[in-house]
>>> print(open('input_20.pdb').read())   # PDB, C-alpha atoms
ATOM      1  CA  MET A   1       0.718  -6.372  37.208  1.00  0.00           C
ATOM      2  CA  LEU A   2       4.271  -7.354  36.384  1.00  0.00           C
ATOM      3  CA  ALA A   3       7.189  -5.892  38.307  1.00  0.00           C
ATOM      4  CA  ASN A   4       8.498  -3.987  35.276  1.00  0.00           C
ATOM      5  CA  GLU A   5       5.086  -2.764  34.074  1.00  0.00           C
ATOM      6  CA  ARG A   6       3.951   0.796  34.768  1.00  0.00           C
ATOM      7  CA  PRO A   7       0.578   1.449  36.384  1.00  0.00           C
ATOM      8  CA  LEU A   8      -2.298   2.143  33.998  1.00  0.00           C
ATOM      9  CA  VAL A   9      -2.439   5.850  34.830  1.00  0.00           C
ATOM     10  CA  LEU A  10       1.223   6.324  33.967  1.00  0.00           C
ATOM     11  CA  ARG A  11       0.886   4.294  30.768  1.00  0.00           C
ATOM     12  CA  MET A  12      -2.043   6.449  29.625  1.00  0.00           C
ATOM     13  CA  PHE A  13      -0.176   9.735  30.063  1.00  0.00           C
ATOM     14  CA  HIS A  14       3.361   8.965  28.945  1.00  0.00           C
ATOM     15  CA  PHE A  15       5.032  11.398  26.571  1.00  0.00           C
ATOM     16  CA  ALA A  16       4.887  10.763  22.837  1.00  0.00           C
ATOM     17  CA  THR A  17       8.691  10.757  22.646  1.00  0.00           C
ATOM     18  CA  GLU A  18       9.005   7.962  25.211  1.00  0.00           C
ATOM     19  CA  ARG A  19       9.498   4.472  23.838  1.00  0.00           C
ATOM     20  CA  PRO A  20       7.940   2.058  26.310  1.00  0.00           C
ATOM     21  CA  VAL A  21      10.138  -1.021  26.703  1.00  0.00           C
ATOM     22  CA  ILE A  22       9.441  -4.295  28.501  1.00  0.00           C
ATOM     23  CA  ALA A  23      12.388  -6.190  29.955  1.00  0.00           C
ATOM     24  CA  THR A  24      12.172  -9.974  29.750  1.00  0.00           C
ATOM     25  CA  PRO A  25      13.707 -12.329  32.334  1.00  0.00           C
ATOM     26  CA  SER A  26      16.521 -13.156  29.900  1.00  0.00           C
ATOM     27  CA  GLY A  27      17.456  -9.482  29.704  1.00  0.00           C
ATOM     28  CA  ALA A  28      16.139  -8.852  26.186  1.00  0.00           C
ATOM     29  CA  ARG A  29      14.203  -5.642  25.688  1.00  0.00           C
ATOM     30  CA  ILE A  30      10.918  -5.696  23.785  1.00  0.00           C
ATOM     31  CA  SER A  31       9.491  -2.422  22.518  1.00  0.00           C
ATOM     32  CA  ASP A  32       5.835  -1.952  23.418  1.00  0.00           C
ATOM     33  CA  GLY A  33       5.279   1.274  21.504  1.00  0.00           C
ATOM     34  CA  PRO A  34       3.372   2.115  18.337  1.00  0.00           C
ATOM     35  CA  GLY A  35       6.374   1.051  16.252  1.00  0.00           C
ATOM     36  CA  SER A  36       5.908  -2.527  17.369  1.00  0.00           C
ATOM     37  CA  LEU A  37       2.494  -3.105  15.855  1.00  0.00           C
ATOM     38  CA  PRO A  38       1.687  -6.705  15.004  1.00  0.00           C
ATOM     39  CA  SER A  39       2.638  -7.798  11.519  1.00  0.00           C
ATOM     40  CA  PRO A  40      -0.234  -8.194   9.054  1.00  0.00           C
ATOM     41  CA  SER A  41      -1.723 -11.612   8.565  1.00  0.00           C
ATOM     42  CA  LEU A  42      -0.741 -13.902   5.711  1.00  0.00           C
ATOM     43  CA  GLU A  43      -4.066 -13.300   3.969  1.00  0.00           C
ATOM     44  CA  SER A  44      -3.644  -9.529   3.993  1.00  0.00           C
ATOM     45  CA  ARG A  45      -0.045  -9.800   2.736  1.00  0.00           C
ATOM     46  CA  LEU A  46      -1.164 -12.125  -0.083  1.00  0.00           C
ATOM     47  CA  ARG A  47      -4.013  -9.758  -0.945  1.00  0.00           C
ATOM     48  CA  LEU A  48      -1.531  -6.868  -1.131  1.00  0.00           C
ATOM     49  CA  LEU A  49       0.833  -8.928  -3.293  1.00  0.00           C
ATOM     50  CA  HIS A  50      -1.963  -9.873  -5.708  1.00  0.00           C
ATOM     51  CA  ARG A  51      -3.080  -6.236  -5.904  1.00  0.00           C
ATOM     52  CA  ARG A  52       0.462  -5.072  -6.694  1.00  0.00           C
ATOM     53  CA  ARG A  53       0.856  -7.746  -9.378  1.00  0.00           C
ATOM     54  CA  ARG A  54      -2.506  -6.863 -10.916  1.00  0.00           C
ATOM     55  CA  LEU A  55      -1.632  -3.159 -10.990  1.00  0.00           C
ATOM     56  CA  ALA A  56       1.779  -3.908 -12.509  1.00  0.00           C
ATOM     57  CA  PHE A  57       0.096  -6.050 -15.185  1.00  0.00           C
ATOM     58  CA  LEU A  58      -2.434  -3.288 -15.955  1.00  0.00           C
ATOM     59  CA  ARG A  59       0.343  -0.676 -16.187  1.00  0.00           C
ATOM     60  CA  HIS A  60       2.277  -2.912 -18.555  1.00  0.00           C
ATOM     61  CA  LEU A  61      -0.837  -3.532 -20.656  1.00  0.00           C
ATOM     62  CA  LEU A  62      -1.603   0.187 -20.792  1.00  0.00           C
ATOM     63  CA  ALA A  63       1.982   1.009 -21.807  1.00  0.00           C
ATOM     64  CA  THR A  64       1.787  -1.616 -24.551  1.00  0.00           C
ATOM     65  CA  MET A  65      -1.661  -0.737 -25.869  1.00  0.00           C
ATOM     66  CA  SER A  66      -1.440   3.070 -25.710  1.00  0.00           C
ATOM     67  CA  PRO A  67       0.465   3.481 -29.025  1.00  0.00           C
ATOM     68  CA  VAL A  68      -1.957   1.068 -30.716  1.00  0.00           C
ATOM     69  CA  LEU A  69      -4.999   2.999 -29.467  1.00  0.00           C
ATOM     70  CA  VAL A  70      -3.475   6.334 -30.508  1.00  0.00           C
ATOM     71  CA  GLY A  71      -2.626   4.950 -33.961  1.00  0.00           C
ATOM     72  CA  VAL A  72      -6.119   3.527 -34.509  1.00  0.00           C
ATOM     73  CA  SER A  73      -7.673   6.821 -33.356  1.00  0.00           C
ATOM     74  CA  LEU A  74      -5.521   8.815 -35.783  1.00  0.00           C
ATOM     75  CA  PHE A  75      -6.345   6.384 -38.593  1.00  0.00           C
ATOM     76  CA  LEU A  76     -10.086   6.763 -37.932  1.00  0.00           C
ATOM     77  CA  LEU A  77      -9.726  10.555 -37.791  1.00  0.00           C
ATOM     78  CA  LEU A  78      -7.935  10.591 -41.157  1.00  0.00           C
ATOM     79  CA  ALA A  79     -10.573   8.265 -42.615  1.00  0.00           C
ATOM     80  CA  ALA A  80     -13.319  10.583 -41.370  1.00  0.00           C
ATOM     81  CA  PHE A  81     -11.637  13.621 -42.962  1.00  0.00           C
ATOM     82  CA  GLY A  82     -11.100  11.651 -46.181  1.00  0.00           C
ATOM     83  CA  SER A  83     -14.748  10.659 -46.350  1.00  0.00           C
ATOM     84  CA  ILE A  84     -15.834  14.257 -45.725  1.00  0.00           C
ATOM     85  CA  ALA A  85     -13.472  15.499 -48.468  1.00  0.00           C
ATOM     86  CA  GLY A  86     -14.789  12.767 -50.824  1.00  0.00           C
ATOM     87  CA  LEU A  87     -18.373  13.951 -50.349  1.00  0.00           C
ATOM     88  CA  ARG A  88     -17.619  17.413 -51.709  1.00  0.00           C
TER      89      ARG A  88
END
>>> encode(input="input_20.pdb", output="structure tokens")
Amino acid sequence: MLANERPLVLRMFHFATERPVIATPSGARISDGPGSLPSPSLESRLRLLHRRRRLAFLRHLLATMSPVLVGVSLFLLLAAFGSIAGLR
């Protein structure tokens, strides 16, 4: 156990508001709390970036194609009504 490290029992039962800090020999303070979780790996960051780009592309495609799909649907609906009216 290091000189500045708390015993295991005290570390297990510290208050949620406490921010555990480790002092280094140079005097810098390193937070050891839940806010200092390790950064995600490069693969996970790339996966997240690709997912965001794919979703942005799909949103853009949907925004572009929505008026076309609505127009084609209305055209087919009018054609169906016209064919029904022509049968009478």
>>> atom_distance(input="input_20.pdb", atom1="CA of Leu42 in chain A", atom2="CA of Leu55 in chain A")
19.9 Å
>>> atom_distance(input="input_20.pdb", atom1="CA of Val70 in chain A", atom2="CA of Arg54 in chain A")
23.6 Å
>>> atom_distance(input="input_20.pdb", atom1="CA of Leu87 in chain A", atom2="CA of Leu74 in chain A")
20.1 Å
>>> axis_aligned_box(input="input_20.pdb", around="range 50-59 of chain A", padding_each_side="6 Å", output="AutoDock Vina command-line options")
--center_x -0.7 --center_y -5.3 --center_z -10.9 --size_x 16.9 --size_y 21.2 --size_z 22.5
